[in-house]
Amino acid sequence: MAYTQQPEIVGLTPQQKEQVKEKILGIMDPQYLIAVHLYMKYHKIFDRELFDAFCGMVITSDRCSRSEEISSYSFAALTVGEELVSEVMKCIFTTNGKGIKTPIMLYEEVYADFLSVEREYPAFKAYEPTMKKFESQLLEVLNIAEIDWKDRKPSRDKNNTIYPSSIDYYIKTFTGLLKNKLIVNLKTTSKQDPSKPNQRTIRSKFLDITEKFKLDIYNSFYKKQQIEITSCPDFLIDELWECLKKYGLKGHDKEKLEPDVYGIIDEKRVALMGRLYIIVLLCYAFDKENYQKSSLTFTNIVNKSVAKKNKTVRAMLRAYCELTDNADNQAIITELL
């Protein structure tokens, strides 16, 4: 079979490109493409009615809008969250005069209580969050803030520029959001997602746990009322929930750790209680909200509870120290005892 040379494929000429462009524009209004771009910039989820309203806001024709037009002020409101986050980011990541607040400054503010504990008990440094992880979480919270702030009305000057004092306010608000993500406030109400740890149960069970561990944590006004734990570092929530289920929780009977009735030492139970003890102490170490109302400090808790009297708890901790392969936990217990 003879070889037949195929005609060379060449690009469109300028005239042909113009013809294609005219055909596309004849089918689709370019303002519609602008509307799509703007909508997706400010919204995470596509909603048809909201998108139609958005089109009515930026497109003068009725081609894409099935709703009444909404005002340009409403459009501005959609962008406020992004604008506020942009200003907050300038203060965090760049030199911005009096408003400067670097990531390391935020880190030291959010983890201030833990860092003070670490200075007193160096072994706790093993649980110090890394700056790399902190900055990634910082960016996650900025995304949350952008959505939360979209309807805010910050104070502005005559040039429509946000006042520095208003930016300072949003930096403080952002710091609060950041701390609540990293040091989780354990909920006492609201429905829980069955796939996630039940924070209400965690909070209520902690009173029982601290009593079993003989932790001397009492309200200064009511000597017999223990101070309950209200928060937990984010990286411990899942493990804490799994430990509590093994310890014994209503509705989780199948997961409860059964004692080894034939063993001389129930090693699994000792390992569980030893790890739970470390987690409880870390919860107190990361947030003074857990004990500040009783005028205690973390050092006082340790001195009154761990380093002083209860022989049974001290024996359990020594046994755990022998059984565990976790060098970090061994170092903490050695330091405490």
# chains A, B, ... in the order shown; residues from 1 in each chain; ligands from 1
call {"tool": "residues_around", "arguments": {"residues": "Leu317 in chain A", "least_positions_apart": "6", "cutoff": "12 Å", "atoms": "only C-alpha atoms", "output": "PDB file with all heavy atoms, in the first residue's frame"}}
result
ATOM      1  N   PHE A 213      -7.607   9.172  90.221  1.00  0.00           N
ATOM      2  CA  PHE A 213      -6.180   9.483  90.252  1.00  0.00           C
ATOM      3  C   PHE A 213      -5.768  10.299  91.480  1.00  0.00           C
ATOM      4  O   PHE A 213      -4.605  10.661  91.632  1.00  0.00           O
ATOM      5  CB  PHE A 213      -5.784  10.255  88.994  1.00  0.00           C
ATOM      6  CG  PHE A 213      -5.726   9.424  87.746  1.00  0.00           C
ATOM      7  CD1 PHE A 213      -6.048   9.973  86.520  1.00  0.00           C
ATOM      8  CD2 PHE A 213      -5.336   8.092  87.791  1.00  0.00           C
ATOM      9  CE1 PHE A 213      -5.980   9.219  85.358  1.00  0.00           C
ATOM     10  CE2 PHE A 213      -5.268   7.328  86.638  1.00  0.00           C
ATOM     11  CZ  PHE A 213      -5.589   7.890  85.421  1.00  0.00           C
ATOM     12  N   ARG A 269      -4.189  -3.055  81.645  1.00  0.00           N
ATOM     13  CA  ARG A 269      -4.911  -2.076  82.466  1.00  0.00           C
ATOM     14  C   ARG A 269      -3.943  -1.023  83.014  1.00  0.00           C
ATOM     15  O   ARG A 269      -4.252   0.168  83.039  1.00  0.00           O
ATOM     16  CB  ARG A 269      -5.612  -2.792  83.624  1.00  0.00           C
ATOM     17  CG  ARG A 269      -6.581  -1.906  84.410  1.00  0.00           C
ATOM     18  CD  ARG A 269      -7.810  -1.597  83.592  1.00  0.00           C
ATOM     19  NE  ARG A 269      -8.755  -0.764  84.329  1.00  0.00           N
ATOM     20  CZ  ARG A 269      -9.882  -0.315  83.816  1.00  0.00           C
ATOM     21  NH1 ARG A 269     -10.206  -0.611  82.567  1.00  0.00           N
ATOM     22  NH2 ARG A 269     -10.694   0.445  84.522  1.00  0.00           N
ATOM     23  N   VAL A 270      -2.774  -1.446  83.442  1.00  0.00           N
ATOM     24  CA  VAL A 270      -1.768  -0.503  83.944  1.00  0.00           C
ATOM     25  C   VAL A 270      -1.340   0.453  82.840  1.00  0.00           C
ATOM     26  O   VAL A 270      -1.215   1.664  83.056  1.00  0.00           O
ATOM     27  CB  VAL A 270      -0.539  -1.261  84.515  1.00  0.00           C
ATOM     28  CG1 VAL A 270       0.593  -0.289  84.839  1.00  0.00           C
ATOM     29  CG2 VAL A 270      -0.922  -2.043  85.757  1.00  0.00           C
ATOM     30  N   ALA A 271      -1.139  -0.092  81.637  1.00  0.00           N
ATOM     31  CA  ALA A 271      -0.739   0.741  80.504  1.00  0.00           C
ATOM     32  C   ALA A 271      -1.814   1.771  80.167  1.00  0.00           C
ATOM     33  O   ALA A 271      -1.520   2.937  79.879  1.00  0.00           O
ATOM     34  CB  ALA A 271      -0.447  -0.133  79.284  1.00  0.00           C
ATOM     35  N   LEU A 272      -3.084   1.344  80.215  1.00  0.00           N
ATOM     36  CA  LEU A 272      -4.198   2.254  79.935  1.00  0.00           C
ATOM     37  C   LEU A 272      -4.254   3.376  80.968  1.00  0.00           C
ATOM     38  O   LEU A 272      -4.357   4.555  80.610  1.00  0.00           O
ATOM     39  CB  LEU A 272      -5.517   1.482  79.936  1.00  0.00           C
ATOM     40  CG  LEU A 272      -6.789   2.324  79.890  1.00  0.00           C
ATOM     41  CD1 LEU A 272      -6.874   3.108  78.579  1.00  0.00           C
ATOM     42  CD2 LEU A 272      -8.032   1.463  80.074  1.00  0.00           C
ATOM     43  N   MET A 273      -4.186   3.027  82.262  1.00  0.00           N
ATOM     44  CA  MET A 273      -4.305   4.029  83.306  1.00  0.00           C
ATOM     45  C   MET A 273      -3.099   4.967  83.324  1.00  0.00           C
ATOM     46  O   MET A 273      -3.232   6.168  83.587  1.00  0.00           O
ATOM     47  CB  MET A 273      -4.481   3.355  84.672  1.00  0.00           C
ATOM     48  CG  MET A 273      -5.720   2.471  84.776  1.00  0.00           C
ATOM     49  SD  MET A 273      -7.242   3.292  84.237  1.00  0.00           S
ATOM     50  CE  MET A 273      -7.471   4.486  85.544  1.00  0.00           C
ATOM     51  N   GLY A 274      -1.935   4.443  83.028  1.00  0.00           N
ATOM     52  CA  GLY A 274      -0.744   5.290  82.966  1.00  0.00           C
ATOM     53  C   GLY A 274      -0.839   6.312  81.856  1.00  0.00           C
ATOM     54  O   GLY A 274      -0.531   7.500  82.050  1.00  0.00           O
ATOM     55  N   ARG A 275      -1.298   5.865  80.688  1.00  0.00           N
ATOM     56  CA  ARG A 275      -1.438   6.798  79.555  1.00  0.00           C
ATOM     57  C   ARG A 275      -2.544   7.813  79.828  1.00  0.00           C
ATOM     58  O   ARG A 275      -2.401   9.004  79.509  1.00  0.00           O
ATOM     59  CB  ARG A 275      -1.753   6.005  78.275  1.00  0.00           C
ATOM     60  CG  ARG A 275      -1.903   6.862  77.025  1.00  0.00           C
ATOM     61  CD  ARG A 275      -0.686   7.711  76.767  1.00  0.00           C
ATOM     62  NE  ARG A 275      -0.881   8.606  75.615  1.00  0.00           N
ATOM     63  CZ  ARG A 275      -0.159   9.692  75.371  1.00  0.00           C
ATOM     64  NH1 ARG A 275       0.830  10.028  76.193  1.00  0.00           N
ATOM     65  NH2 ARG A 275      -0.407  10.443  74.324  1.00  0.00           N
ATOM     66  N   LEU A 276      -3.641   7.359  80.423  1.00  0.00           N
ATOM     67  CA  LEU A 276      -4.723   8.283  80.778  1.00  0.00           C
ATOM     68  C   LEU A 276      -4.225   9.362  81.744  1.00  0.00           C
ATOM     69  O   LEU A 276      -4.614  10.526  81.642  1.00  0.00           O
ATOM     70  CB  LEU A 276      -5.873   7.510  81.430  1.00  0.00           C
ATOM     71  CG  LEU A 276      -7.143   7.298  80.591  1.00  0.00           C
ATOM     72  CD1 LEU A 276      -8.154   6.483  81.376  1.00  0.00           C
ATOM     73  CD2 LEU A 276      -7.745   8.599  80.131  1.00  0.00           C
ATOM     74  N   TYR A 277      -3.367   8.964  82.674  1.00  0.00           N
ATOM     75  CA  TYR A 277      -2.827   9.916  83.649  1.00  0.00           C
ATOM     76  C   TYR A 277      -2.044  11.017  82.926  1.00  0.00           C
ATOM     77  O   TYR A 277      -2.197  12.209  83.227  1.00  0.00           O
ATOM     78  CB  TYR A 277      -1.923   9.194  84.641  1.00  0.00           C
ATOM     79  CG  TYR A 277      -1.639   9.995  85.889  1.00  0.00           C
ATOM     80  CD1 TYR A 277      -2.426   9.843  87.017  1.00  0.00           C
ATOM     81  CD2 TYR A 277      -0.587  10.904  85.941  1.00  0.00           C
ATOM     82  CE1 TYR A 277      -2.189  10.572  88.176  1.00  0.00           C
ATOM     83  CE2 TYR A 277      -0.341  11.642  87.086  1.00  0.00           C
ATOM     84  CZ  TYR A 277      -1.143  11.465  88.204  1.00  0.00           C
ATOM     85  OH  TYR A 277      -0.905  12.208  89.325  1.00  0.00           O
ATOM     86  N   ILE A 278      -1.215  10.631  81.965  1.00  0.00           N
ATOM     87  CA  ILE A 278      -0.430  11.601  81.193  1.00  0.00           C
ATOM     88  C   ILE A 278      -1.360  12.546  80.429  1.00  0.00           C
ATOM     89  O   ILE A 278      -1.155  13.768  80.405  1.00  0.00           O
ATOM     90  CB  ILE A 278       0.510  10.887  80.197  1.00  0.00           C
ATOM     91  CG1 ILE A 278       1.561  10.063  80.945  1.00  0.00           C
ATOM     92  CG2 ILE A 278       1.183  11.890  79.264  1.00  0.00           C
ATOM     93  CD1 ILE A 278       2.552  10.872  81.752  1.00  0.00           C
ATOM     94  N   VAL A 306       0.596  14.534  92.938  1.00  0.00           N
ATOM     95  CA  VAL A 306       1.490  13.509  92.409  1.00  0.00           C
ATOM     96  C   VAL A 306       2.697  13.303  93.306  1.00  0.00           C
ATOM     97  O   VAL A 306       3.008  12.189  93.712  1.00  0.00           O
ATOM     98  CB  VAL A 306       1.977  13.894  90.989  1.00  0.00           C
ATOM     99  CG1 VAL A 306       2.804  12.771  90.391  1.00  0.00           C
ATOM    100  CG2 VAL A 306       0.801  14.223  90.100  1.00  0.00           C
ATOM    101  N   ALA A 307       3.342  14.407  93.614  1.00  0.00           N
ATOM    102  CA  ALA A 307       4.638  14.293  94.277  1.00  0.00           C
ATOM    103  C   ALA A 307       4.533  14.103  95.786  1.00  0.00           C
ATOM    104  O   ALA A 307       5.533  14.058  96.469  1.00  0.00           O
ATOM    105  CB  ALA A 307       5.450  15.552  93.976  1.00  0.00           C
ATOM    106  N   ASN A 310      -0.343   9.908  97.696  1.00  0.00           N
ATOM    107  CA  ASN A 310      -1.025   8.649  97.393  1.00  0.00           C
ATOM    108  C   ASN A 310      -0.085   7.544  96.895  1.00  0.00           C
ATOM    109  O   ASN A 310       0.445   7.614  95.785  1.00  0.00           O
ATOM    110  CB  ASN A 310      -2.143   8.884  96.386  1.00  0.00           C
ATOM    111  CG  ASN A 310      -3.093   7.711  96.366  1.00  0.00           C
ATOM    112  OD1 ASN A 310      -2.834   6.724  95.722  1.00  0.00           O
ATOM    113  ND2 ASN A 310      -4.186   7.825  97.117  1.00  0.00           N
ATOM    114  N   LYS A 311       0.079   6.526  97.717  1.00  0.00           N
ATOM    115  CA  LYS A 311       1.020   5.447  97.407  1.00  0.00           C
ATOM    116  C   LYS A 311       0.540   4.584  96.240  1.00  0.00           C
ATOM    117  O   LYS A 311       1.336   4.112  95.433  1.00  0.00           O
ATOM    118  CB  LYS A 311       1.236   4.572  98.646  1.00  0.00           C
ATOM    119  CG  LYS A 311       1.941   5.288  99.780  1.00  0.00           C
ATOM    120  CD  LYS A 311       2.125   4.359 100.971  1.00  0.00           C
ATOM    121  CE  LYS A 311       2.834   5.075 102.132  1.00  0.00           C
ATOM    122  NZ  LYS A 311       3.003   4.176 103.302  1.00  0.00           N
ATOM    123  N   LEU A 323       6.578  -0.679  82.243  1.00  0.00           N
ATOM    124  CA  LEU A 323       5.908  -1.443  81.186  1.00  0.00           C
ATOM    125  C   LEU A 323       5.910  -0.745  79.825  1.00  0.00           C
ATOM    126  O   LEU A 323       5.934  -1.405  78.790  1.00  0.00           O
ATOM    127  CB  LEU A 323       4.458  -1.730  81.592  1.00  0.00           C
ATOM    128  CG  LEU A 323       4.261  -2.685  82.773  1.00  0.00           C
ATOM    129  CD1 LEU A 323       2.795  -2.714  83.180  1.00  0.00           C
ATOM    130  CD2 LEU A 323       4.744  -4.085  82.412  1.00  0.00           C
ATOM    131  N   THR A 324       5.849   0.589  79.812  1.00  0.00           N
ATOM    132  CA  THR A 324       5.692   1.308  78.552  1.00  0.00           C
ATOM    133  C   THR A 324       7.001   1.434  77.785  1.00  0.00           C
ATOM    134  O   THR A 324       8.091   1.488  78.379  1.00  0.00           O
ATOM    135  CB  THR A 324       5.102   2.716  78.797  1.00  0.00           C
ATOM    136  OG1 THR A 324       4.868   3.333  77.536  1.00  0.00           O
ATOM    137  CG2 THR A 324       6.062   3.593  79.597  1.00  0.00           C
ATOM    138  N   ASN A 329       6.830   9.537  77.865  1.00  0.00           N
ATOM    139  CA  ASN A 329       6.013   9.365  79.067  1.00  0.00           C
ATOM    140  C   ASN A 329       6.849   8.922  80.260  1.00  0.00           C
ATOM    141  O   ASN A 329       6.604   9.344  81.401  1.00  0.00           O
ATOM    142  CB  ASN A 329       4.898   8.355  78.815  1.00  0.00           C
ATOM    143  CG  ASN A 329       3.811   8.919  77.906  1.00  0.00           C
ATOM    144  OD1 ASN A 329       3.838  10.083  77.543  1.00  0.00           O
ATOM    145  ND2 ASN A 329       2.868   8.079  77.532  1.00  0.00           N
ATOM    146  N   GLN A 330       7.847   8.072  80.006  1.00  0.00           N
ATOM    147  CA  GLN A 330       8.747   7.663  81.068  1.00  0.00           C
ATOM    148  C   GLN A 330       9.466   8.862  81.668  1.00  0.00           C
ATOM    149  O   GLN A 330       9.599   8.974  82.895  1.00  0.00           O
ATOM    150  CB  GLN A 330       9.779   6.658  80.528  1.00  0.00           C
ATOM    151  CG  GLN A 330       9.220   5.280  80.206  1.00  0.00           C
ATOM    152  CD  GLN A 330      10.239   4.378  79.535  1.00  0.00           C
ATOM    153  OE1 GLN A 330      11.200   4.845  78.917  1.00  0.00           O
ATOM    154  NE2 GLN A 330      10.045   3.082  79.651  1.00  0.00           N
ATOM    155  N   ALA A 331       9.920   9.753  80.803  1.00  0.00           N
ATOM    156  CA  ALA A 331      10.649  10.949  81.269  1.00  0.00           C
ATOM    157  C   ALA A 331       9.754  11.841  82.117  1.00  0.00           C
ATOM    158  O   ALA A 331      10.174  12.385  83.145  1.00  0.00           O
ATOM    159  CB  ALA A 331      11.191  11.721  80.072  1.00  0.00           C
ATOM    160  N   ILE A 332       8.479  12.012  81.693  1.00  0.00           N
ATOM    161  CA  ILE A 332       7.543  12.858  82.441  1.00  0.00           C
ATOM    162  C   ILE A 332       7.277  12.282  83.822  1.00  0.00           C
ATOM    163  O   ILE A 332       7.332  13.000  84.826  1.00  0.00           O
ATOM    164  CB  ILE A 332       6.220  13.007  81.665  1.00  0.00           C
ATOM    165  CG1 ILE A 332       6.434  13.931  80.450  1.00  0.00           C
ATOM    166  CG2 ILE A 332       5.116  13.585  82.559  1.00  0.00           C
ATOM    167  CD1 ILE A 332       5.221  14.034  79.543  1.00  0.00           C
ATOM    168  N   ILE A 333       7.012  10.976  83.888  1.00  0.00           N
ATOM    169  CA  ILE A 333       6.712  10.347  85.178  1.00  0.00           C
ATOM    170  C   ILE A 333       7.918  10.411  86.111  1.00  0.00           C
ATOM    171  O   ILE A 333       7.802  10.707  87.307  1.00  0.00           O
ATOM    172  CB  ILE A 333       6.258   8.891  84.968  1.00  0.00           C
ATOM    173  CG1 ILE A 333       4.862   8.885  84.312  1.00  0.00           C
ATOM    174  CG2 ILE A 333       6.211   8.131  86.305  1.00  0.00           C
ATOM    175  CD1 ILE A 333       4.405   7.537  83.865  1.00  0.00           C
ATOM    176  N   THR A 334       9.103  10.147  85.569  1.00  0.00           N
ATOM    177  CA  THR A 334      10.329  10.226  86.368  1.00  0.00           C
ATOM    178  C   THR A 334      10.501  11.619  86.954  1.00  0.00           C
ATOM    179  O   THR A 334      10.856  11.792  88.125  1.00  0.00           O
ATOM    180  CB  THR A 334      11.554   9.860  85.517  1.00  0.00           C
ATOM    181  OG1 THR A 334      11.394   8.534  85.008  1.00  0.00           O
ATOM    182  CG2 THR A 334      12.829   9.948  86.337  1.00  0.00           C
ATOM    183  N   GLU A 335      10.209  12.626  86.140  1.00  0.00           N
ATOM    184  CA  GLU A 335      10.338  14.024  86.569  1.00  0.00           C
ATOM    185  C   GLU A 335       9.299  14.368  87.635  1.00  0.00           C
ATOM    186  O   GLU A 335       9.588  15.082  88.605  1.00  0.00           O
ATOM    187  CB  GLU A 335      10.191  14.931  85.364  1.00  0.00           C
ATOM    188  CG  GLU A 335      10.665  16.351  85.571  1.00  0.00           C
ATOM    189  CD  GLU A 335      10.735  17.104  84.257  1.00  0.00           C
ATOM    190  OE1 GLU A 335       9.663  17.380  83.674  1.00  0.00           O
ATOM    191  OE2 GLU A 335      11.854  17.397  83.795  1.00  0.00           O
ATOM    192  N   LEU A 336       8.076  13.862  87.471  1.00  0.00           N
ATOM    193  CA  LEU A 336       6.999  14.160  88.425  1.00  0.00           C
ATOM    194  C   LEU A 336       7.239  13.506  89.777  1.00  0.00           C
ATOM    195  O   LEU A 336       6.931  14.062  90.821  1.00  0.00           O
ATOM    196  CB  LEU A 336       5.660  13.691  87.870  1.00  0.00           C
ATOM    197  CG  LEU A 336       5.101  14.428  86.644  1.00  0.00           C
ATOM    198  CD1 LEU A 336       3.846  13.737  86.150  1.00  0.00           C
ATOM    199  CD2 LEU A 336       4.813  15.890  86.976  1.00  0.00           C
ATOM    200  N   LEU A 337       7.798  12.281  89.756  1.00  0.00           N
ATOM    201  CA  LEU A 337       7.987  11.532  90.993  1.00  0.00           C
ATOM    202  C   LEU A 337       9.302  11.862  91.666  1.00  0.00           C
ATOM    203  O   LEU A 337       9.524  11.481  92.809  1.00  0.00           O
ATOM    204  CB  LEU A 337       7.904  10.025  90.718  1.00  0.00           C
ATOM    205  CG  LEU A 337       6.560   9.504  90.167  1.00  0.00           C
ATOM    206  CD1 LEU A 337       6.633   8.008  89.945  1.00  0.00           C
ATOM    207  CD2 LEU A 337       5.438   9.839  91.135  1.00  0.00           C
TER     208      LEU A 337
END
call {"tool": "residues_around", "arguments": {"residues": "Val141 in chain A", "least_positions_apart": "2", "cutoff": "9 Å", "atoms": "only C-alpha atoms", "output": "ChimeraX atom specification"}}
result
/A:136-139,143-146,174,177-178,181
call {"tool": "write_last_selection", "arguments": {"atoms": "N, CA, C and O atoms", "output": "mmCIF file, in the first residue's frame"}}
result
data_model
loop_
_atom_site.group_PDB
_atom_site.id
_atom_site.type_symbol
_atom_site.label_atom_id
_atom_site.label_comp_id
_atom_site.auth_asym_id
_atom_site.auth_seq_id
_atom_site.Cartn_x
_atom_site.Cartn_y
_atom_site.Cartn_z
ATOM 1 N N SER A 136 0.143 25.766 59.674
ATOM 2 C CA SER A 136 -0.864 25.161 58.790
ATOM 3 C C SER A 136 -2.253 25.283 59.416
ATOM 4 O O SER A 136 -3.244 25.547 58.723
ATOM 5 N N GLN A 137 -2.349 25.125 60.730
ATOM 6 C CA GLN A 137 -3.639 25.268 61.421
ATOM 7 C C GLN A 137 -4.076 26.728 61.446
ATOM 8 O O GLN A 137 -5.266 27.032 61.362
ATOM 9 N N LEU A 138 -3.092 27.615 61.523
ATOM 10 C CA LEU A 138 -3.375 29.047 61.483
ATOM 11 C C LEU A 138 -4.081 29.406 60.173
ATOM 12 O O LEU A 138 -5.066 30.147 60.160
ATOM 13 N N LEU A 139 -3.588 28.860 59.071
ATOM 14 C CA LEU A 139 -4.194 29.129 57.759
ATOM 15 C C LEU A 139 -5.597 28.520 57.669
ATOM 16 O O LEU A 139 -6.490 29.100 57.052
ATOM 17 N N ASN A 143 -9.287 30.599 56.989
ATOM 18 C CA ASN A 143 -10.362 30.238 56.055
ATOM 19 C C ASN A 143 -11.716 30.212 56.756
ATOM 20 O O ASN A 143 -12.733 30.643 56.202
ATOM 21 N N ILE A 144 -11.732 29.703 57.994
ATOM 22 C CA ILE A 144 -12.968 29.687 58.776
ATOM 23 C C ILE A 144 -13.408 31.112 59.077
ATOM 24 O O ILE A 144 -14.588 31.458 58.966
ATOM 25 N N ALA A 145 -12.442 31.961 59.449
ATOM 26 C CA ALA A 145 -12.746 33.355 59.786
ATOM 27 C C ALA A 145 -13.336 34.099 58.591
ATOM 28 O O ALA A 145 -14.256 34.906 58.744
ATOM 29 N N GLU A 146 -12.826 33.809 57.391
ATOM 30 C CA GLU A 146 -13.329 34.487 56.186
ATOM 31 C C GLU A 146 -14.823 34.244 56.004
ATOM 32 O O GLU A 146 -15.581 35.150 55.643
ATOM 33 N N PHE A 174 -9.640 36.653 65.982
ATOM 34 C CA PHE A 174 -8.990 35.543 65.292
ATOM 35 C C PHE A 174 -8.173 34.696 66.267
ATOM 36 O O PHE A 174 -8.193 33.468 66.204
ATOM 37 N N LEU A 177 -10.452 32.402 67.995
ATOM 38 C CA LEU A 177 -10.841 31.289 67.120
ATOM 39 C C LEU A 177 -9.725 30.246 67.046
ATOM 40 O O LEU A 177 -9.964 29.040 67.062
ATOM 41 N N LEU A 178 -8.491 30.749 66.965
ATOM 42 C CA LEU A 178 -7.335 29.869 66.844
ATOM 43 C C LEU A 178 -7.169 29.019 68.109
ATOM 44 O O LEU A 178 -6.969 27.811 68.037
ATOM 45 N N LYS A 181 -9.665 26.245 68.423
ATOM 46 C CA LYS A 181 -9.413 25.102 67.539
ATOM 47 C C LYS A 181 -8.306 24.214 68.112
ATOM 48 O O LYS A 181 -8.394 22.988 68.079
#
call {"tool": "closest_residue", "arguments": {"among": "A:Ile104, A:Leu249, A:Ile27, A:Leu215", "to": "Arg314 in chain A", "atoms": "only C-alpha atoms"}}
result
A:Leu215
call {"tool": "atom_distance", "arguments": {"atom1": "CA of Ile162 in chain A", "atom2": "CA of Thr102 in chain A"}}
result
20.5 Å
call {"tool": "closest_residue", "arguments": {"among": "A:Lys153, A:Lys288, A:Lys246, A:Lys17", "to": "Glu258 in chain A", "atoms": "only C-alpha atoms"}}
result
A:Lys246
call {"tool": "closest_residue", "arguments": {"among": "A:Glu242, A:Tyr247, A:Lys254, A:Thr210", "to": "Val280 in chain A", "atoms": "only C-alpha atoms"}}
result
A:Thr210
call {"tool": "select_by_dssp", "arguments": {"residues": "range 222-333 of chain A", "states": "helix (DSSP H, G or I)", "output": "PyMOL selection string"}}
result
chain A and resi 234-248+253-255+267-286+288-290+292-294+298-306+311-323+327-333
call {"tool": "residues_around", "arguments": {"residues": "Thr161 in chain A", "least_positions_apart": "4", "cutoff": "12 Å", "atoms": "only C-alpha atoms", "output": "PyMOL selection string"}}
result
chain A and resi 80+83-84+87+153-157+165-167
call {"tool": "write_last_selection", "arguments": {"atoms": "N, CA and C atoms", "output": "PDB file, in the first residue's frame"}}
result
ATOM      1  N   VAL A  80     -16.595  41.209  52.483  1.00  0.00           N
ATOM      2  CA  VAL A  80     -16.022  41.757  53.713  1.00  0.00           C
ATOM      3  C   VAL A  80     -15.142  40.733  54.419  1.00  0.00           C
ATOM      4  N   GLU A  83     -11.823  40.587  52.868  1.00  0.00           N
ATOM      5  CA  GLU A  83     -11.090  41.826  53.111  1.00  0.00           C
ATOM      6  C   GLU A  83     -10.514  41.851  54.528  1.00  0.00           C
ATOM      7  N   LEU A  84     -11.319  41.458  55.515  1.00  0.00           N
ATOM      8  CA  LEU A  84     -10.849  41.435  56.897  1.00  0.00           C
ATOM      9  C   LEU A  84      -9.711  40.441  57.085  1.00  0.00           C
ATOM     10  N   GLU A  87      -6.464  41.790  55.755  1.00  0.00           N
ATOM     11  CA  GLU A  87      -5.842  42.761  56.652  1.00  0.00           C
ATOM     12  C   GLU A  87      -5.208  42.066  57.865  1.00  0.00           C
ATOM     13  N   LYS A 153     -19.479  44.339  59.787  1.00  0.00           N
ATOM     14  CA  LYS A 153     -19.429  45.735  59.329  1.00  0.00           C
ATOM     15  C   LYS A 153     -18.356  46.474  60.115  1.00  0.00           C
ATOM     16  N   PRO A 154     -17.081  46.297  59.754  1.00  0.00           N
ATOM     17  CA  PRO A 154     -15.999  46.961  60.475  1.00  0.00           C
ATOM     18  C   PRO A 154     -16.036  48.479  60.298  1.00  0.00           C
ATOM     19  N   SER A 155     -15.544  49.206  61.279  1.00  0.00           N
ATOM     20  CA  SER A 155     -15.512  50.671  61.213  1.00  0.00           C
ATOM     21  C   SER A 155     -14.534  51.136  60.141  1.00  0.00           C
ATOM     22  N   ARG A 156     -14.982  52.143  59.365  1.00  0.00           N
ATOM     23  CA  ARG A 156     -14.159  52.653  58.259  1.00  0.00           C
ATOM     24  C   ARG A 156     -14.044  54.172  58.339  1.00  0.00           C
ATOM     25  N   ASP A 157     -12.982  54.708  57.707  1.00  0.00           N
ATOM     26  CA  ASP A 157     -12.827  56.159  57.639  1.00  0.00           C
ATOM     27  C   ASP A 157     -13.532  56.689  56.398  1.00  0.00           C
ATOM     28  N   SER A 165      -7.805  50.305  64.558  1.00  0.00           N
ATOM     29  CA  SER A 165      -8.379  49.801  65.812  1.00  0.00           C
ATOM     30  C   SER A 165      -9.350  48.654  65.548  1.00  0.00           C
ATOM     31  N   SER A 166     -10.049  48.740  64.416  1.00  0.00           N
ATOM     32  CA  SER A 166     -10.972  47.668  64.047  1.00  0.00           C
ATOM     33  C   SER A 166     -10.201  46.407  63.672  1.00  0.00           C
ATOM     34  N   ILE A 167      -9.078  46.587  62.971  1.00  0.00           N
ATOM     35  CA  ILE A 167      -8.234  45.444  62.608  1.00  0.00           C
ATOM     36  C   ILE A 167      -7.689  44.775  63.866  1.00  0.00           C
TER      37      ILE A 167
END
call {"tool": "atom_distance", "arguments": {"atom1": "CA of Tyr107 in chain A", "atom2": "CA of Phe134 in chain A"}}
result
7.3 Å
call {"tool": "atom_distance", "arguments": {"atom1": "CA of Ser231 in chain A", "atom2": "CA of Asn185 in chain A"}}
result
4.4 Å
call {"tool": "closest_residue", "arguments": {"among": "A:Gly26, A:Thr175, A:Ile92, A:Glu211", "to": "Val313 in chain A", "atoms": "only C-alpha atoms"}}
result
A:Glu211
call {"tool": "decode", "arguments": {"residues": "range 153-164 of chain A", "atoms": "C-alpha atoms", "output": "PDB file, in the first residue's frame"}}
result
ATOM      1  CA  LYS A 153     -19.429  45.735  59.329  1.00  0.00           C
ATOM      2  CA  PRO A 154     -15.999  46.961  60.475  1.00  0.00           C
ATOM      3  CA  SER A 155     -15.512  50.671  61.213  1.00  0.00           C
ATOM      4  CA  ARG A 156     -14.159  52.653  58.259  1.00  0.00           C
ATOM      5  CA  ASP A 157     -12.827  56.159  57.639  1.00  0.00           C
ATOM      6  CA  LYS A 158     -14.085  58.608  54.986  1.00  0.00           C
ATOM      7  CA  ASN A 159     -11.978  56.833  52.349  1.00  0.00           C
ATOM      8  CA  ASN A 160     -13.753  53.555  53.144  1.00  0.00           C
ATOM      9  CA  THR A 161     -10.555  52.146  54.694  1.00  0.00           C
ATOM     10  CA  ILE A 162     -10.919  49.949  57.762  1.00  0.00           C
ATOM     11  CA  TYR A 163      -9.639  51.666  60.915  1.00  0.00           C
ATOM     12  CA  PRO A 164      -6.501  50.110  62.495  1.00  0.00           C
TER      13      PRO A 164
END
